[in-house]
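For reference, entry26.txt (compact mmCIF, C-alpha atoms):
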```
# COMPACT_ATOMS: atom_id res chain seq x y z
CA MET D 1 -113.74 -122.14 78.84
CA THR D 2 -111.70 -123.99 76.20
CA ALA D 3 -107.95 -123.55 76.31
CA VAL D 4 -106.26 -122.28 73.16
CA LEU D 5 -103.11 -124.05 72.08
CA GLU D 6 -100.05 -121.85 71.97
CA GLU D 7 -98.08 -124.44 70.03
CA LEU D 8 -98.62 -127.76 68.36
CA GLY D 9 -96.22 -129.80 70.45
CA PRO D 10 -95.87 -133.57 70.14
CA ALA D 11 -98.82 -134.36 72.42
CA ALA D 12 -101.17 -132.02 70.56
CA VAL D 13 -100.02 -133.30 67.15
CA ALA D 14 -100.46 -136.92 68.26
CA ARG D 15 -103.96 -136.17 69.54
CA TRP D 16 -104.88 -134.32 66.32
CA VAL D 17 -103.65 -137.25 64.21
CA GLN D 18 -105.59 -139.77 66.30
CA VAL D 19 -108.81 -137.75 66.09
CA SER D 20 -108.28 -137.35 62.33
CA LEU D 21 -107.75 -141.09 61.92
CA ASP D 22 -110.92 -141.78 63.92
CA VAL D 23 -112.98 -139.37 61.81
CA LEU D 24 -111.56 -140.68 58.51
CA THR D 25 -112.26 -144.24 59.61
CA ALA D 26 -115.84 -143.37 60.52
CA HIS D 27 -116.46 -141.62 57.19
CA ARG D 28 -114.25 -143.62 54.83
CA GLU D 29 -117.10 -145.21 52.89
CA GLU D 30 -118.85 -141.86 52.48
CA LEU D 31 -115.62 -140.32 51.19
CA ASP D 32 -115.11 -143.27 48.84
CA ARG D 33 -118.50 -142.55 47.26
CA LEU D 34 -117.45 -138.95 46.51
CA ASN D 35 -114.60 -140.14 44.30
CA VAL D 36 -115.35 -139.42 40.63
CA PHE D 37 -112.12 -137.92 39.22
CA PRO D 38 -109.92 -138.87 37.48
CA VAL D 39 -111.75 -142.20 37.54
CA PRO D 40 -114.64 -143.27 39.79
CA ASP D 41 -112.62 -145.93 41.59
CA ALA D 42 -114.17 -145.24 44.99
CA ASP D 43 -110.94 -145.02 46.94
CA THR D 44 -110.68 -141.43 48.18
CA GLY D 45 -111.48 -142.29 51.80
CA ARG D 46 -109.17 -145.30 51.77
CA ASN D 47 -106.35 -143.25 50.20
CA LEU D 48 -106.72 -140.46 52.76
CA LEU D 49 -106.72 -142.97 55.59
CA ASP D 50 -103.71 -144.90 54.26
CA THR D 51 -101.79 -141.65 53.73
CA LEU D 52 -102.52 -140.43 57.25
CA TYR D 53 -101.52 -143.82 58.69
CA ALA D 54 -98.22 -143.53 56.81
CA ALA D 55 -97.74 -140.05 58.26
CA ALA D 56 -98.71 -141.12 61.79
CA GLY D 57 -95.97 -143.72 61.88
CA THR D 58 -93.21 -141.17 61.32
CA GLY D 59 -93.32 -139.00 64.42
CA GLU D 60 -95.22 -136.33 66.26
CA THR D 61 -94.10 -133.13 64.57
CA LEU D 62 -95.80 -131.52 61.61
CA GLY D 63 -92.58 -131.81 59.61
CA ALA D 64 -92.36 -135.55 60.27
CA LEU D 65 -96.02 -135.99 59.39
CA ALA D 66 -95.56 -134.10 56.13
CA ARG D 67 -92.56 -136.24 55.15
CA GLY D 68 -94.34 -139.45 56.07
CA ALA D 69 -97.47 -138.46 54.20
CA THR D 70 -95.48 -137.52 51.10
CA LEU D 71 -93.60 -140.83 51.12
CA GLY D 72 -96.78 -142.81 51.82
CA ALA D 73 -99.26 -140.80 49.75
CA ARG D 74 -101.93 -142.90 48.08
CA GLY D 75 -103.76 -141.51 45.10
CA ASN D 76 -104.47 -137.90 44.30
CA SER D 77 -106.28 -137.28 47.59
CA GLY D 78 -103.28 -138.58 49.52
CA MET D 79 -100.99 -136.26 47.61
CA VAL D 80 -103.26 -133.30 48.41
CA LEU D 81 -103.23 -134.27 52.10
CA SER D 82 -99.45 -134.59 52.13
CA GLN D 83 -99.06 -131.11 50.67
CA LEU D 84 -101.53 -129.66 53.16
CA LEU D 85 -99.40 -131.13 55.95
CA ARG D 86 -96.31 -129.67 54.27
CA GLY D 87 -97.91 -126.23 54.26
CA LEU D 88 -98.90 -126.50 57.92
CA ALA D 89 -95.40 -127.66 58.84
CA GLU D 90 -93.78 -124.78 56.99
CA SER D 91 -96.20 -122.32 58.55
CA SER D 92 -95.33 -123.59 62.03
CA GLY D 93 -91.75 -122.50 61.40
CA ARG D 94 -92.90 -118.99 60.50
CA HIS D 95 -95.20 -118.35 63.47
CA ALA D 96 -94.43 -118.38 67.17
CA THR D 97 -97.92 -119.58 68.14
CA ALA D 98 -100.52 -121.87 66.63
CA ASP D 99 -103.00 -119.07 66.04
CA ALA D 100 -105.36 -118.04 63.24
CA ARG D 101 -102.51 -116.46 61.24
CA TRP D 102 -100.59 -119.73 61.42
CA LEU D 103 -103.61 -121.71 60.22
CA CYS D 104 -104.39 -119.28 57.38
CA ASP D 105 -100.77 -119.32 56.25
CA GLY D 106 -100.58 -123.10 56.46
CA LEU D 107 -103.78 -123.62 54.48
CA ASP D 108 -102.64 -121.15 51.84
CA LEU D 109 -99.20 -122.75 51.53
CA GLY D 110 -100.72 -126.23 51.44
CA ALA D 111 -103.19 -125.24 48.71
CA GLY D 112 -100.35 -123.84 46.62
CA TYR D 113 -98.12 -126.87 47.16
CA ALA D 114 -100.97 -129.25 46.36
CA ARG D 115 -101.81 -127.46 43.10
CA ALA D 116 -98.13 -127.43 42.12
CA ALA D 117 -97.83 -131.17 42.80
CA PHE D 118 -99.99 -131.99 39.76
CA ALA D 119 -98.83 -131.61 36.17
CA VAL D 120 -102.40 -130.77 35.18
CA PRO D 121 -104.33 -129.52 38.23
CA VAL D 122 -108.09 -129.85 37.80
CA ASP D 123 -110.63 -127.57 39.43
CA GLY D 124 -113.66 -129.13 41.07
CA THR D 125 -111.48 -131.63 42.95
CA ALA D 126 -109.87 -131.74 46.39
CA LEU D 127 -107.59 -128.97 45.11
CA SER D 128 -110.60 -126.66 44.94
CA VAL D 129 -111.78 -127.73 48.39
CA LEU D 130 -108.39 -126.91 49.90
CA ALA D 131 -108.19 -123.58 48.08
CA ALA D 132 -111.69 -122.68 49.31
CA ALA D 133 -110.72 -123.62 52.87
CA ALA D 134 -107.67 -121.36 52.64
CA ALA D 135 -109.76 -118.48 51.24
CA GLY D 136 -112.47 -118.99 53.86
CA ALA D 137 -109.98 -119.02 56.70
CA ALA D 138 -108.36 -115.82 55.39
CA ALA D 139 -111.74 -114.11 55.19
```

If you took the structure in this file and wrote it as structure tokens, what would it be?
Amino acid sequence: MTAVLEELGPAAVARWVQVSLDVLTAHREELDRLNVFPVPDADTGRNLLDTLYAAAGTGETLGALARGATLGARGNSGMVLSQLLRGLAESSGRHATADARWLCDGLDLGAGYARAAFAVPVDGTALSVLAAAAAGAAA
């Protein structure tokens, strides 16, 4: 039986970041090929990875990760990631446990923050992916 986390303490956050870095590293080139908007500069995977590295160097709380990602965001995809982390961090302050309600709230907040971060948000981008993840989690 798999244990369910009751909270995202420093050890769990550090492990989540490391696994995320490993997965982004393994799929960076594939993510780069998905990049077509606003210009097909093939850097989505690299920008996500650089942004998460910037976040990882700031601490092991969701709030620290969100601040680090915002300060080190690269490209549009990095900004979306930073705002997702911001939403998760804010949600962690609203919920006593890291449960499904926390995740749904964090995804929803992150999707809203990410959309608001762009002067002209464009559907069909990472903004839409994050909004669909939030809607799917809520369903």

*Exercise: region 80-83 of chain D partners within 6 Å, all atoms listed in the file, chain neighbours under 3 positions left out, as JSON, numbers by chain*: {"D": [66, 69, 70, 77, 86, 110, 113, 114]}

*Hey, which of D:Asn76, D:Ser92, D:Asp105, D:Gly57 ends up closest to Asp41 (chain D)? Count all atoms listed in the file.*
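When distances to Asp41 (chain D) are compared using all atoms listed in the file, the smallest one comes from D:Asn76.
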
*To one decimal place, how far is CA of Phe118 (chain D) from CA of Ala137 (chain D) in Å?*
23.6 Å

*asked:* Please return as a PyMOL selection string every residue within 10 Å of (-96.0, -134.1, 68.0), taking into account all atoms listed in the file and the file's own coordinates.
replied: chain D and resi 8-17+56+59-65

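Between CA of Gly78 (chain D) and CA of Ser20 (chain D) there is a distance of 13.8 Å.
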
*Just give me the gap between CA of Leu48 (chain D) and CA of Ala100 (chain D) in Å, one decimal is fine.*
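These atoms are spaced 24.8 Å apart.
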
How close does region 50-121 of chain D get to region 23-36 of chain D? List, as JSON lines, each residue of region 50-121 of chain D within 12 Å, its nearest atom pair and the distance in Å to one decimal, counting all atoms listed in the file.
```
{"residue": "D:Asp50", "atom": "CA", "partner": "D:Leu24", "partner_atom": "CA", "distance": 9.9}
{"residue": "D:Thr51", "atom": "CA", "partner": "D:Leu24", "partner_atom": "CA", "distance": 10.9}
{"residue": "D:Leu52", "atom": "CA", "partner": "D:Leu24", "partner_atom": "CA", "distance": 9.1}
{"residue": "D:Tyr53", "atom": "CA", "partner": "D:Leu24", "partner_atom": "CA", "distance": 10.5}
{"residue": "D:Gly75", "atom": "CA", "partner": "D:Asn35", "partner_atom": "CA", "distance": 11.0}
{"residue": "D:Asn76", "atom": "CA", "partner": "D:Asn35", "partner_atom": "CA", "distance": 10.4}
{"residue": "D:Ser77", "atom": "CA", "partner": "D:Asn35", "partner_atom": "CA", "distance": 9.4}
```
